[in-house]
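Notes follow once the structure below has been shown.
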Amino acid sequence: MRKLQMEELNRLTVEEFQEVEKKNFCLILDDVRSLNNVGSVFRTADAFLVEKIYLCGITGTPPHREIEKTALGSTESVAWEHRSSITDLIAELKGNGYTVLAIEQVENSIKLPDFRPEASQKYAFIFGNEVFGVNDTAIAAADGCLEIPQFGTKHSLNISVTVGIICWDYVSKLIAIH
């Protein structure tokens with residue numbers, strides 16, 4: 001085995017990325033404090049062809065040196081928008097046919113292995129503050145909650161890790177459907 005060279009990876013240019021058809025989901029970051037986490041989410045969104053990132057509340061926005069440190073230029077490829085009110089955004093997305101799911105540990109959550117996305121359905125996944133999680137108002141407005149089962153002593157994962165798990169799980173399940 002040998003590692004592939006950069007030119008062998010056949011990566012899209014920023015222009016090609018902007019033109020290619022995206023997957024039918026978006027990410028919502030609400031009150032995410034760490035700009036490094038925001039940048040990591042951009043990079044993950046680029047990798048999985050996320051259609052858009054919504055940055056809500058106090059979540060930092062590009063351009064910012066701390067975001068770019070981990071985004072590695074993906075703020076130029078991934079569509080994004082800042083919204084002050086997550087509840088208004090949730091209502092708008094639901095009105096546009098999205099199923100909105102918060103990623104949170106709640107009663108009656110759907111465990112991620114049991115989540116069965118529909119290929120024709122559009123989804124929006126909400127990720128909350130690093131300390132407090134998704135706020136109660138957003139949870140109440142969402143269509144449901146997904147939970148990543150965890151087995152150790154800690155009760156949460158870093159938001160950028162969580163986004164990566166959710167994106168990989170969703171896209172891999174879409175590929176399996178086709």
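Ordering of the structure tokens sets the chain letters (A, B, ...), residue numbers begin anew at 1 in every chain, and ligands are numbered from 1 in the order given.
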Which residues come within 9 Å of region 131-136 of chain A, counting only C-alpha atoms, excluding same-chain residues fewer than 5 positions away, as a list in words?
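Neighbouring residues, sequence-local ones excluded: Asp30, Asp31, Ala102, Ile103, Glu104, Gln105, Ile126 and Ala141 of chain A.
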Put those residues in a file: C-alpha atoms, as an mmCIF file, in the first residue's frame.
data_model
loop_
_atom_site.group_PDB
_atom_site.id
_atom_site.type_symbol
_atom_site.label_atom_id
_atom_site.label_comp_id
_atom_site.auth_asym_id
_atom_site.auth_seq_id
_atom_site.Cartn_x
_atom_site.Cartn_y
_atom_site.Cartn_z
ATOM 1 C CA ASP A 30 -26.648 27.250 17.642
ATOM 2 C CA ASP A 31 -24.606 29.235 20.164
ATOM 3 C CA ALA A 102 -31.806 18.081 17.150
ATOM 4 C CA ILE A 103 -28.754 16.070 18.146
ATOM 5 C CA GLU A 104 -29.300 15.730 21.866
ATOM 6 C CA GLN A 105 -29.756 13.294 24.734
ATOM 7 C CA ILE A 126 -29.223 21.018 14.983
ATOM 8 C CA ALA A 141 -39.594 23.157 17.877
#
Can you tell me which residues surround Val78 (chain A) at a distance of at most 9 Å, considering only C-alpha atoms, apart from same-chain residues fewer than 3 positions away, and format the answer as a list in words?
Val14, Phe17, Gln18, Phe42, Arg43, Ala45, Asp46, Leu49, Val50, Glu51, Lys52, Ile53, Ser74 and Thr75 of chain A
If we count only C-alpha atoms, what is near Leu27 (chain A) at a cut-off of 12 Å, once residues fewer than 3 positions away on the same chain are taken out, given as a ChimeraX atom specification?
/A:23-24,30,38,41-42,44-46,48-56,78-82,86,89-90,93,98-103,122-128,159-160,162-164,166-167,170
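Using only C-alpha atoms, the contacts of Arg116 (chain A) at a cut-off of 10 Å, with sequence neighbours closer than 6 positions omitted, comprise A:Ile110, A:Tyr170, A:Lys173, A:Leu174, A:Ile177.
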Taking only region 7-127 of chain A into account, list the residues labelled alpha helix (DSSP H) by DSSP (computed from the backbone), as a ChimeraX atom specification.
/A:14-19,35-47,65-71,86-95
Would you compute the distance between CA of Arg2 (chain A) and CA of Ala176 (chain A)? Give it in Å to one decimal.
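Going from CA of Arg2 (chain A) over to CA of Ala176 (chain A) covers 28.2 Å.
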